file start10.cif (mmCIF, C-alpha atoms and all ligand atoms)
data_coords
#
loop_
_atom_site.label_atom_id
_atom_site.label_comp_id
_atom_site.auth_asym_id
_atom_site.auth_seq_id
_atom_site.Cartn_x
_atom_site.Cartn_y
_atom_site.Cartn_z
CA MET A 1 78.64 106.06 99.22
CA ASN A 2 79.58 102.37 99.35
CA GLY A 3 83.03 100.77 99.24
CA ARG A 4 84.91 99.17 102.12
CA PRO A 5 85.43 100.76 105.54
CA PRO A 6 88.78 102.57 105.72
CA ILE A 7 91.75 100.93 107.44
CA ALA A 8 94.25 103.78 107.61
CA ARG A 9 93.90 107.52 108.13
CA VAL A 10 96.26 110.45 107.86
CA SER A 11 96.29 111.85 111.38
CA ALA A 12 98.71 114.75 110.76
CA THR A 13 100.81 116.37 108.05
CA ALA A 14 103.64 118.89 107.97
CA ARG A 15 105.86 120.52 105.37
CA PHE A 16 109.24 122.12 104.98
CA LEU A 17 110.09 124.53 102.18
CA PRO A 18 113.50 126.17 101.95
CA ASP A 19 113.44 129.99 102.26
CA GLN A 20 115.31 130.80 99.05
CA VAL A 21 112.96 131.73 96.20
CA MET A 22 114.01 131.38 92.56
CA THR A 23 111.75 133.38 90.26
CA ASN A 24 111.22 133.04 86.53
CA ALA A 25 113.22 136.25 86.17
CA ASP A 26 116.15 134.50 87.86
CA LEU A 27 115.86 131.69 85.30
CA GLU A 28 115.87 134.22 82.44
CA ARG A 29 119.44 134.97 83.50
CA LEU A 30 120.44 131.26 83.32
CA VAL A 31 118.82 129.94 80.12
CA ASP A 32 117.08 131.18 76.98
CA THR A 33 113.57 131.45 78.43
CA SER A 34 111.12 134.10 79.58
CA ASP A 35 108.80 134.69 82.50
CA SER A 36 105.83 134.86 80.11
CA TRP A 37 106.72 131.53 78.40
CA ILE A 38 107.07 129.75 81.74
CA ARG A 39 103.85 131.23 83.15
CA GLU A 40 101.80 130.54 80.02
CA ARG A 41 103.14 127.02 79.32
CA THR A 42 103.38 125.79 82.94
CA GLY A 43 101.68 128.18 85.41
CA ILE A 44 104.88 128.36 87.51
CA ARG A 45 106.02 131.76 88.82
CA GLU A 46 108.65 130.75 91.36
CA ARG A 47 110.08 127.75 93.17
CA ARG A 48 112.11 127.15 96.36
CA ILE A 49 115.74 126.09 96.15
CA ALA A 50 117.59 124.52 99.08
CA PRO A 51 121.12 125.79 99.79
CA ASP A 52 124.09 123.41 99.59
CA ASP A 53 123.97 122.61 103.30
CA ILE A 54 120.28 121.55 103.32
CA THR A 55 119.78 118.07 101.93
CA ALA A 56 116.81 115.76 101.40
CA VAL A 57 117.47 114.22 104.83
CA ASP A 58 117.48 117.68 106.47
CA MET A 59 114.20 118.69 104.84
CA GLY A 60 112.61 115.29 105.52
CA GLU A 61 113.67 115.42 109.17
CA ARG A 62 111.98 118.79 109.65
CA ALA A 63 108.75 117.70 107.97
CA ALA A 64 108.75 114.41 109.91
CA LEU A 65 109.22 116.07 113.30
CA GLY A 66 106.53 118.62 112.41
CA ALA A 67 104.00 115.91 111.56
CA LEU A 68 104.75 113.93 114.73
CA ALA A 69 104.38 117.06 116.87
CA LYS A 70 101.01 117.85 115.25
CA ALA A 71 99.84 114.28 115.92
CA GLY A 72 100.95 114.59 119.56
CA LEU A 73 103.39 111.70 119.12
CA GLU A 74 107.03 111.05 119.98
CA PRO A 75 109.58 109.63 117.52
CA SER A 76 109.67 106.53 119.74
CA ASP A 77 106.01 105.89 118.82
CA VAL A 78 106.85 105.29 115.14
CA ASP A 79 106.70 101.66 113.94
CA MET A 80 107.74 102.21 110.34
CA ILE A 81 109.21 105.02 108.23
CA VAL A 82 108.62 105.00 104.47
CA VAL A 83 110.47 107.67 102.52
CA SER A 84 109.83 108.53 98.90
CA THR A 85 112.58 110.48 97.20
CA ALA A 86 114.20 110.80 93.81
CA THR A 87 117.11 112.68 95.37
CA PRO A 88 118.50 110.58 98.24
CA ASP A 89 121.50 112.11 100.02
CA ARG A 90 123.46 109.02 98.98
CA LEU A 91 122.64 105.76 97.21
CA LEU A 92 123.28 103.59 100.28
CA PRO A 93 121.99 103.45 102.99
CA SER A 94 118.45 104.71 102.57
CA THR A 95 117.28 108.24 103.32
CA ALA A 96 114.67 106.64 105.61
CA CYS A 97 117.35 105.09 107.87
CA GLU A 98 119.08 108.46 108.11
CA ILE A 99 115.81 110.16 109.02
CA GLN A 100 115.13 107.42 111.59
CA SER A 101 118.46 108.24 113.23
CA ARG A 102 118.02 112.03 113.00
CA ILE A 103 114.60 112.09 114.61
CA GLY A 104 115.58 109.52 117.25
CA ALA A 105 113.02 106.88 116.30
CA SER A 106 113.55 103.63 118.16
CA ARG A 107 115.37 100.57 116.83
CA SER A 108 112.10 98.64 116.94
CA CYS A 109 111.04 100.72 113.92
CA LEU A 110 111.87 99.72 110.33
CA ALA A 111 112.78 102.28 107.72
CA PHE A 112 113.19 102.10 103.95
CA ASP A 113 112.95 104.18 100.77
CA ILE A 114 110.73 103.66 97.77
CA SER A 115 111.42 104.85 94.25
CA ALA A 116 108.30 105.94 92.40
CA ALA A 117 109.27 109.52 91.48
CA CYS A 118 106.40 112.03 91.72
CA THR A 119 103.87 109.29 92.54
CA GLY A 120 105.92 108.22 95.57
CA PHE A 121 103.73 109.75 98.27
CA LEU A 122 100.60 107.90 97.11
CA TYR A 123 102.50 104.61 96.73
CA ALA A 124 103.95 105.10 100.23
CA LEU A 125 100.52 105.79 101.75
CA SER A 126 99.28 102.53 100.26
CA ILE A 127 102.26 100.63 101.69
CA ALA A 128 101.48 102.15 105.10
CA GLU A 129 97.83 101.14 104.75
CA GLY A 130 98.86 97.54 103.93
CA TYR A 131 101.20 97.37 106.94
CA LEU A 132 98.43 98.56 109.24
CA ALA A 133 95.98 96.11 107.64
CA ALA A 134 98.40 93.28 108.42
CA GLY A 135 98.35 94.37 112.07
CA ARG A 136 102.11 95.00 112.14
CA GLY A 137 102.09 98.48 113.65
CA GLU A 138 100.04 101.44 114.82
CA THR A 139 102.01 104.49 113.68
CA ILE A 140 103.68 104.95 110.33
CA LEU A 141 105.58 107.98 109.15
CA VAL A 142 105.49 108.69 105.43
CA VAL A 143 108.06 111.27 104.36
CA SER A 144 108.47 112.66 100.84
CA THR A 145 111.55 114.79 100.46
CA GLU A 146 113.05 116.12 97.26
CA LYS A 147 116.09 118.23 96.47
CA MET A 148 115.30 118.38 92.76
CA SER A 149 117.74 121.27 92.29
CA SER A 150 120.59 118.77 92.86
CA ILE A 151 119.68 116.61 89.83
CA ILE A 152 118.68 119.36 87.42
CA ASP A 153 120.84 120.36 84.49
CA TRP A 154 120.71 124.13 84.92
CA ASP A 155 121.58 124.56 81.23
CA ASP A 156 118.54 122.56 80.08
CA ARG A 157 115.62 124.95 79.67
CA ALA A 158 113.21 122.06 79.06
CA THR A 159 113.56 120.85 82.66
CA CYS A 160 115.22 123.49 84.86
CA ILE A 161 112.12 125.70 84.83
CA LEU A 162 109.84 122.96 86.13
CA PHE A 163 111.12 121.78 89.50
CA GLY A 164 111.68 122.97 93.07
CA ASP A 165 112.79 121.63 96.47
CA GLY A 166 110.83 120.77 99.60
CA ALA A 167 109.46 118.04 101.84
CA GLY A 168 106.14 116.88 103.23
CA ALA A 169 105.31 114.24 105.83
CA ALA A 170 102.21 112.41 107.01
CA VAL A 171 101.48 110.31 110.07
CA VAL A 172 99.36 107.28 109.16
CA GLN A 173 97.37 105.53 111.88
CA PRO A 174 94.41 103.13 112.09
CA SER A 175 91.12 104.64 110.97
CA ARG A 176 88.47 105.93 113.32
CA ASN A 177 85.06 107.50 112.72
CA GLY A 178 85.15 106.44 109.06
CA GLU A 179 88.16 108.68 108.37
CA GLY A 180 90.92 107.45 106.09
CA ILE A 181 91.73 105.91 102.73
CA LEU A 182 88.51 105.07 100.86
CA ALA A 183 90.03 103.69 97.66
CA SER A 184 93.24 103.75 95.68
CA PHE A 185 94.49 102.81 92.24
CA HIS A 186 98.18 102.62 91.29
CA ARG A 187 99.91 101.60 88.09
CA SER A 188 103.21 101.92 86.25
CA ASP A 189 104.52 101.40 82.73
CA GLY A 190 108.24 100.68 82.49
CA ASP A 191 108.08 100.76 78.68
CA LEU A 192 107.90 104.54 79.09
CA ALA A 193 110.99 104.79 81.33
CA PRO A 194 113.11 106.54 78.66
CA LEU A 195 110.75 109.54 78.70
CA LEU A 196 112.03 110.79 82.05
CA GLN A 197 115.22 109.46 83.59
CA ARG A 198 118.75 109.98 84.88
CA PRO A 199 120.56 107.84 82.31
CA VAL A 200 123.93 107.46 84.06
CA GLY A 201 125.14 107.03 87.64
CA GLY A 202 123.59 103.67 88.56
CA ALA A 203 125.28 100.28 88.53
CA ALA A 204 124.62 99.71 84.82
CA LYS A 205 126.35 102.90 83.73
CA PRO A 206 128.57 104.20 86.49
CA LEU A 207 129.78 107.79 86.33
CA THR A 208 132.69 108.52 84.05
CA GLU A 209 134.50 111.76 83.40
CA GLU A 210 132.81 111.94 80.01
CA SER A 211 129.29 111.31 81.32
CA LEU A 212 129.83 113.92 84.02
CA ARG A 213 130.96 116.41 81.40
CA ASN A 214 127.88 115.60 79.29
CA ARG A 215 125.62 115.90 82.37
CA GLU A 216 124.19 112.42 81.72
CA HIS A 217 123.72 111.93 85.48
CA MET A 218 121.16 114.74 85.51
CA LEU A 219 117.42 114.55 84.91
CA LEU A 220 116.63 114.15 81.23
CA MET A 221 113.13 114.51 79.77
CA LYS A 222 112.80 113.14 76.27
CA SER A 223 109.46 114.53 75.24
CA GLY A 224 107.63 116.96 77.50
CA ARG A 225 104.60 116.70 75.22
CA GLU A 226 104.37 112.93 75.57
CA VAL A 227 104.80 113.11 79.35
CA PHE A 228 102.06 115.77 79.35
CA ARG A 229 99.62 113.57 77.40
CA SER A 230 100.35 110.47 79.51
CA ALA A 231 99.91 112.50 82.69
CA VAL A 232 96.43 113.71 81.80
CA ARG A 233 95.28 110.33 80.50
CA SER A 234 96.64 108.32 83.41
CA MET A 235 95.59 110.66 86.24
CA ALA A 236 92.08 111.06 84.79
CA HIS A 237 91.70 107.28 84.50
CA ALA A 238 93.09 106.61 87.99
CA GLY A 239 90.81 109.29 89.48
CA ASN A 240 87.76 107.72 87.83
CA MET A 241 88.73 104.23 89.00
CA VAL A 242 89.04 105.47 92.57
CA MET A 243 85.72 107.30 92.55
CA GLU A 244 84.07 104.17 91.13
CA GLU A 245 85.66 101.85 93.72
CA ALA A 246 84.69 104.13 96.59
CA GLY A 247 81.20 104.67 95.17
CA LEU A 248 81.80 108.41 95.14
CA ASP A 249 79.81 110.69 92.86
CA VAL A 250 81.92 113.55 91.65
CA ASP A 251 79.90 116.04 93.70
CA ARG A 252 80.97 114.21 96.87
CA ILE A 253 84.59 115.28 96.28
CA ASP A 254 85.30 118.33 98.46
CA LEU A 255 88.84 118.91 97.24
CA MET A 256 91.00 117.56 94.45
CA VAL A 257 94.76 117.56 95.08
CA PRO A 258 96.50 116.76 91.80
CA HIS A 259 100.25 116.46 91.31
CA GLN A 260 101.53 119.96 90.55
CA ALA A 261 103.57 119.71 87.36
CA ASN A 262 101.82 122.03 84.94
CA SER A 263 98.65 124.11 85.31
CA ARG A 264 97.40 122.88 81.92
CA ILE A 265 97.79 119.26 83.09
CA ILE A 266 95.92 120.12 86.31
CA GLU A 267 93.07 121.85 84.42
CA SER A 268 92.70 119.03 81.88
CA THR A 269 92.70 116.34 84.57
CA ALA A 270 90.09 118.20 86.61
CA ARG A 271 87.96 118.69 83.48
CA TYR A 272 88.10 114.96 82.66
CA ALA A 273 87.13 114.13 86.24
CA GLY A 274 84.28 116.68 86.14
CA ILE A 275 85.64 118.62 89.11
CA PRO A 276 85.37 122.45 88.94
CA MET A 277 88.63 124.39 89.44
CA ASP A 278 87.36 126.05 92.63
CA LYS A 279 87.57 122.57 94.20
CA VAL A 280 91.12 121.97 92.97
CA PHE A 281 94.09 122.84 95.17
CA VAL A 282 96.91 124.63 93.33
CA ASN A 283 100.22 125.87 94.72
CA LEU A 284 102.27 125.19 91.59
CA HIS A 285 102.78 128.91 90.94
CA ARG A 286 104.73 129.20 94.21
CA TYR A 287 106.70 125.93 94.32
CA GLY A 288 106.83 124.36 90.84
CA ASN A 289 106.96 120.57 90.78
CA ILE A 290 108.41 119.21 94.06
CA SER A 291 108.11 115.62 92.82
CA SER A 292 106.70 113.31 95.52
CA ALA A 293 106.69 116.07 98.16
CA THR A 294 104.03 117.90 96.17
CA ILE A 295 100.93 116.16 97.50
CA PRO A 296 101.79 116.19 101.24
CA VAL A 297 102.78 119.86 100.97
CA CYS A 298 99.41 120.57 99.31
CA LEU A 299 97.50 118.61 101.96
CA ASP A 300 99.24 120.48 104.75
CA GLU A 301 98.56 123.88 103.19
CA ALA A 302 94.96 122.94 102.36
CA GLU A 303 94.28 122.04 105.98
CA GLU A 304 95.92 125.24 107.19
CA GLU A 305 93.73 127.25 104.81
CA GLY A 306 90.59 125.48 106.08
CA ARG A 307 89.98 123.76 102.75
CA LEU A 308 90.35 120.34 104.42
CA VAL A 309 88.39 119.79 107.62
CA PRO A 310 87.49 116.55 109.40
CA GLY A 311 85.11 114.63 107.13
CA SER A 312 86.22 116.33 103.88
CA VAL A 313 86.64 113.92 100.98
CA VAL A 314 89.87 114.58 99.08
CA LEU A 315 90.82 113.04 95.74
CA MET A 316 94.57 112.91 95.11
CA THR A 317 96.13 112.09 91.74
CA ALA A 318 99.78 111.80 90.76
CA PHE A 319 102.10 110.75 87.94
CA GLY A 320 105.82 110.72 87.38
CA ALA A 321 108.92 109.01 86.02
CA GLY A 322 108.64 105.28 85.52
CA LEU A 323 106.13 106.12 84.29
CA THR A 324 104.17 105.72 87.49
CA TRP A 325 100.74 107.06 88.33
CA GLY A 326 97.93 106.70 90.79
CA ALA A 327 95.00 108.17 92.65
CA MET A 328 93.57 107.91 96.13
CA ALA A 329 90.34 109.06 97.76
CA LEU A 330 90.57 109.81 101.46
CA ARG A 331 88.16 111.07 104.10
CA TRP A 332 90.13 113.65 106.14
O1 LIG A 401 106.55 114.98 87.02
C1 LIG A 401 106.75 114.85 85.65
C2 LIG A 401 107.66 115.93 85.16
N1 LIG A 401 107.46 116.37 83.82
C3 LIG A 401 106.40 117.07 83.42
O2 LIG A 401 105.47 117.27 84.11
C4 LIG A 401 106.43 117.60 82.01
C5 LIG A 401 105.09 117.62 81.35
N2 LIG A 401 105.17 118.44 80.16
C6 LIG A 401 105.04 119.77 80.23
O3 LIG A 401 104.77 120.33 81.27
C7 LIG A 401 105.18 120.56 78.93
O4 LIG A 401 105.31 119.65 77.85
C8 LIG A 401 106.42 121.50 78.97
C9 LIG A 401 106.15 122.67 79.90
C10 LIG A 401 107.67 120.76 79.43
C11 LIG A 401 106.68 122.06 77.58
O5 LIG A 401 105.52 122.71 77.10
P1 LIG A 401 104.99 122.40 75.61
O6 LIG A 401 103.86 123.27 75.40
O7 LIG A 401 104.74 120.91 75.53
O8 LIG A 401 106.22 122.84 74.72
P2 LIG A 401 107.10 121.97 73.72
O9 LIG A 401 107.98 121.04 74.45
O10 LIG A 401 106.25 121.44 72.62
O11 LIG A 401 108.00 123.15 73.12
C12 LIG A 401 107.43 124.24 72.40
C13 LIG A 401 108.55 125.22 72.07
C14 LIG A 401 109.79 124.56 71.49
O12 LIG A 401 110.32 125.42 70.52
P3 LIG A 401 110.04 125.17 68.95
O13 LIG A 401 110.54 123.79 68.66
O14 LIG A 401 108.53 125.29 68.79
O15 LIG A 401 110.81 126.26 68.30
C15 LIG A 401 110.73 124.47 72.64
O16 LIG A 401 112.08 124.46 72.24
O17 LIG A 401 108.97 125.87 73.28
C16 LIG A 401 110.40 125.75 73.40
N3 LIG A 401 110.75 125.69 74.80
C17 LIG A 401 110.96 126.80 75.54
N4 LIG A 401 110.91 128.11 75.23
C18 LIG A 401 111.18 128.99 76.23
C19 LIG A 401 110.91 124.60 75.59
N5 LIG A 401 111.23 124.98 76.83
C20 LIG A 401 111.27 126.34 76.83
C21 LIG A 401 111.55 127.30 77.81
N6 LIG A 401 111.47 128.59 77.47
N7 LIG A 401 111.86 126.96 79.09
#
call {"tool": "encode", "arguments": {"input": "start10.cif", "output": "structure tokens"}}
result
Amino acid sequence: MNGRPPIARVSATARFLPDQVMTNADLERLVDTSDSWIRERTGIRERRIAPDDITAVDMGERAALGALAKAGLEPSDVDMIVVSTATPDRLLPSTACEIQSRIGASRSCLAFDISAACTGFLYALSIAEGYLAAGRGETILVVSTEKMSSIIDWDDRATCILFGDGAGAAVVQPSRNGEGILASFHRSDGDLAPLLQRPVGGAAKPLTEESLRNREHMLLMKSGREVFRSAVRSMAHAGNMVMEEAGLDVDRIDLMVPHQANSRIIESTARYAGIPMDKVFVNLHRYGNISSATIPVCLDEAEEEGRLVPGSVVLMTAFGAGLTWGAMALRW
């Protein structure tokens, strides 16, 4: 293996999933769909849904505190908090500042949100890596928290079957013993923004009674098929670029953690990358697509299950609205 020595490592992860389970059978009672269609076309069996009184900040707070505890750190140790979310509690101020306050991080820490949809966790890890490389801090908290149920049109069978709620967090610290980020590759294509968006509710098109009635402030996917094709193409390309940059042969990858949107997307991406499915982490059947929280939740579960141990090489790939996409190779 060649490539540059790593700068930043993930020293701990944690997750929070709400208790309430929504099964495909529950969805059959809401829209014209069936358990068999959802399982065959997506691989999803159930997802978690947060109750009204649990928000993205609440879930992010719990994941953040869990990750800090696992790393043996105090909130006062955190130099920067980067939050990725498509479902902030409010538009201003950021979810990150609210989490900073909730966990009691010090005022010498900076906190901000990024908007990169499902790719947000990988983008945020790269921002953390850059901050450490610039020598501006020692401990960075990356939190991905998503209450997708709050932006879903529960009458739209094309989208309501796909998503779930949850949060994941990672503590990022300077590398040691060759552990950490080996290579990354991130891209976006704003020309494809109309494929997946919330058309109304921003400054350009503020909410009106009519747009609320028409649910134009909810998540709208124009062509699932086109998103599907772009996802496979872009994640496969990003994964290959990362393996090339890190000088990793495919048999050096111990675990692939792809974004969990659709089991057919996961299988196609793994096939393109040449990675057998027994090396691919999948929890989609239990949680659906938790947007940017997906990858940290997977990492946390993979470690708990013993599929990630110190020294394991993990290849992560993600894509989402924007469109955004990326991949990262990391030695655990
Ligand atoms: O993070 C990014 C988030 N987005 C995604 O990841 C989406 C990626 N795309 C996908 O996962 C798949 O395209 C879907 C699961 C969304 C759809 O699967 P598909 O195999 O591409 O189906 P399709 O959109 O081509 O629709 C096939 C049929 C249509 O009926 P007709 O026109 O053939 O009569 C749809 O109306 O399936 C129908 N359909 C459904 N039927 C039952 C669409 N949604 C449903 C549903 N239940 N929930």
call {"tool": "axis_aligned_box", "arguments": {"input": "start10.cif", "around": "ligand LIG 401 (chain A)", "padding_each_side": "8 Å", "output": "AutoDock Vina command-line options"}}
result
--center_x 108.0 --center_y 121.9 --center_z 77.7 --size_x 24.2 --size_y 30.1 --size_z 34.7
call {"tool": "closest_atom_pairs", "arguments": {"input": "start10.cif", "of": "chain A", "to": "ligand LIG 401 (chain A)", "cutoff": "6 Å", "atoms": "all atoms listed in the file", "output": "Markdown table"}}
result
| residue | atom | partner | partner_atom | distance |
| --- | --- | --- | --- | --- |
| A:Thr33 | CA | A:LIG401 | N6 | 3.7 |
| A:Ser34 | CA | A:LIG401 | N6 | 5.9 |
| A:Trp37 | CA | A:LIG401 | C18 | 5.6 |
| A:Arg41 | CA | A:LIG401 | C9 | 5.3 |
| A:Thr42 | CA | A:LIG401 | C9 | 5.2 |
| A:Cys118 | CA | A:LIG401 | O1 | 5.6 |
| A:Arg157 | CA | A:LIG401 | N7 | 4.3 |
| A:Ala158 | CA | A:LIG401 | N5 | 4.2 |
| A:Ile161 | CA | A:LIG401 | N7 | 5.9 |
| A:Gly224 | CA | A:LIG401 | O4 | 3.6 |
| A:Arg225 | CA | A:LIG401 | O4 | 4.0 |
| A:Val227 | CA | A:LIG401 | C5 | 4.9 |
| A:Phe228 | CA | A:LIG401 | C5 | 4.1 |
| A:Ala261 | CA | A:LIG401 | O2 | 4.5 |
| A:Asn262 | CA | A:LIG401 | O3 | 5.0 |
| A:Gly320 | CA | A:LIG401 | O1 | 4.3 |
call {"tool": "residues_near_point", "arguments": {"input": "start10.cif", "point": "(106.0, 117.5, 109.4)", "cutoff": "10 Å", "atoms": "all atoms listed in the file", "output": "list of chain:residue names"}}
result
A:Ala12, A:Thr13, A:Ala14, A:Arg15, A:Phe16, A:Met59, A:Gly60, A:Glu61, A:Arg62, A:Ala63, A:Ala64, A:Leu65, A:Gly66, A:Ala67, A:Leu68, A:Ala69, A:Lys70, A:Ala71, A:Leu141, A:Val142, A:Val143, A:Ala167, A:Gly168, A:Ala169, A:Ala170, A:Val171, A:Pro296, A:Val297, A:Asp300
call {"tool": "closest_atom_pairs", "arguments": {"input": "start10.cif", "of": "stretch 152-237 of chain A", "to": "stretch 283-292 of chain A", "cutoff": "7 Å", "atoms": "only C-alpha atoms", "output": "Markdown table"}}
result
| residue | atom | partner | partner_atom | distance |
| --- | --- | --- | --- | --- |
| A:Leu162 | CA | A:Gly288 | CA | 5.8 |
| A:Phe163 | CA | A:Asn289 | CA | 4.5 |
| A:Gly164 | CA | A:Ile290 | CA | 5.1 |
| A:Asp165 | CA | A:Ile290 | CA | 5.6 |
| A:Gly166 | CA | A:Ile290 | CA | 6.2 |
call {"tool": "residues_around", "arguments": {"input": "start10.cif", "residues": "stretch 23-29 of chain A", "least_positions_apart": "6", "cutoff": "6 Å", "atoms": "all atoms listed in the file", "output": "ChimeraX atom specification"}}
result
/A:35,45-46
call {"tool": "closest_residue", "arguments": {"input": "start10.cif", "among": "A:Arg102, A:Asp156, A:Asp89, A:Met256", "to": "A:Asp32", "atoms": "all atoms listed in the file"}}
result
A:Asp156
call {"tool": "residues_around", "arguments": {"input": "start10.cif", "residues": "stretch 270-282 of chain A", "least_positions_apart": "4", "cutoff": "9 Å", "atoms": "only C-alpha atoms", "output": "ChimeraX atom specification"}}
result
/A:232-233,236-237,239-240,250-251,253-258,260,263,265-266,298-299,302,307
call {"tool": "residues_around", "arguments": {"input": "start10.cif", "residues": "A:Phe121", "least_positions_apart": "3", "cutoff": "7 Å", "atoms": "all atoms listed in the file", "output": "NGL selection string"}}
result
:A and (84 or 124-125 or 144 or 292-293)
call {"tool": "write_last_selection", "arguments": {"input": "start10.cif", "atoms": "C-alpha atoms", "output": "mmCIF file, keeping the file's coordinate frame"}}
result
data_model
loop_
_atom_site.group_PDB
_atom_site.id
_atom_site.type_symbol
_atom_site.label_atom_id
_atom_site.label_comp_id
_atom_site.auth_asym_id
_atom_site.auth_seq_id
_atom_site.Cartn_x
_atom_site.Cartn_y
_atom_site.Cartn_z
ATOM 1 C CA SER A 84 109.830 108.530 98.900
ATOM 2 C CA ALA A 124 103.950 105.100 100.230
ATOM 3 C CA LEU A 125 100.520 105.790 101.750
ATOM 4 C CA SER A 144 108.470 112.660 100.840
ATOM 5 C CA SER A 292 106.700 113.310 95.520
ATOM 6 C CA ALA A 293 106.690 116.070 98.160
#
call {"tool": "residues_around", "arguments": {"input": "start10.cif", "residues": "A:Asp52", "least_positions_apart": "2", "cutoff": "12 Å", "atoms": "all atoms listed in the file", "output": "MDAnalysis selection string"}}
result
chainID A and resid 18 20 49:50 54:56 58 89 147 149:150 165
call {"tool": "atom_distance", "arguments": {"input": "start10.cif", "atom1": "atom CA of A:Arg215", "atom2": "atom CA of A:Asp153"}}
result
6.9 Å
call {"tool": "closest_residue", "arguments": {"input": "start10.cif", "among": "A:Ala203, A:Leu323, A:Met148, A:Val313", "to": "A:Asp189", "atoms": "only C-alpha atoms"}}
result
A:Leu323
call {"tool": "closest_residue", "arguments": {"input": "start10.cif", "among": "A:Glu244, A:Asp53, A:Asp249, A:Asp113", "to": "A:Ala183", "atoms": "all atoms listed in the file"}}
result
A:Glu244
call {"tool": "closest_residue", "arguments": {"input": "start10.cif", "among": "A:Gly137, A:Gly247, A:Ser188, A:Ser175", "to": "A:Ser115", "atoms": "all atoms listed in the file"}}
result
A:Ser188
call {"tool": "closest_residue", "arguments": {"input": "start10.cif", "among": "A:Arg252, A:Arg187, A:Arg136, A:Arg48", "to": "A:Leu330", "atoms": "all atoms listed in the file"}}
result
A:Arg252
call {"tool": "atom_distance", "arguments": {"input": "start10.cif", "atom1": "atom CA of A:Val172", "atom2": "atom CA of A:Ala238"}}
result
22.1 Å
call {"tool": "closest_residue", "arguments": {"input": "start10.cif", "among": "A:Arg264, A:Arg90, A:Arg4, A:Arg331", "to": "A:Ile38", "atoms": "only C-alpha atoms"}}
result
A:Arg264
call {"tool": "atom_distance", "arguments": {"input": "start10.cif", "atom1": "atom CA of A:Ala96", "atom2": "atom CA of A:Ser11"}}
result
20.0 Å
call {"tool": "build_atoms", "arguments": {"input": "start10.cif", "residues": "stretch 119-130 of chain A", "atoms": "N, CA and C atoms", "output": "CSV table (one decimal), in the frame of the given file"}}
result
chain,number,residue,atom,x,y,z
A,119,THR,N,105.0,110.0,92.0
A,119,THR,CA,103.9,109.3,92.5
A,119,THR,C,104.2,108.7,93.9
A,120,GLY,N,105.4,108.9,94.4
A,120,GLY,CA,105.9,108.2,95.6
A,120,GLY,C,105.1,108.4,96.8
A,121,PHE,N,104.5,109.6,97.0
A,121,PHE,CA,103.7,109.8,98.3
A,121,PHE,C,102.5,108.8,98.3
A,122,LEU,N,101.8,108.7,97.1
A,122,LEU,CA,100.6,107.9,97.1
A,122,LEU,C,101.0,106.4,97.3
A,123,TYR,N,102.0,106.0,96.6
A,123,TYR,CA,102.5,104.6,96.7
A,123,TYR,C,102.8,104.3,98.2
A,124,ALA,N,103.5,105.3,98.8
A,124,ALA,CA,104.0,105.1,100.2
A,124,ALA,C,102.7,105.0,101.2
A,125,LEU,N,101.7,105.9,100.9
A,125,LEU,CA,100.5,105.8,101.8
A,125,LEU,C,99.9,104.4,101.6
A,126,SER,N,99.9,103.9,100.4
A,126,SER,CA,99.3,102.5,100.3
A,126,SER,C,100.1,101.4,101.0
A,127,ILE,N,101.4,101.6,101.0
A,127,ILE,CA,102.3,100.6,101.7
A,127,ILE,C,101.9,100.7,103.2
A,128,ALA,N,101.8,102.0,103.7
A,128,ALA,CA,101.5,102.2,105.1
A,128,ALA,C,100.1,101.5,105.4
A,129,GLU,N,99.2,101.7,104.5
A,129,GLU,CA,97.8,101.1,104.8
A,129,GLU,C,97.9,99.6,104.8
A,130,GLY,N,98.7,99.0,103.9
A,130,GLY,CA,98.9,97.5,103.9
A,130,GLY,C,99.5,97.0,105.2
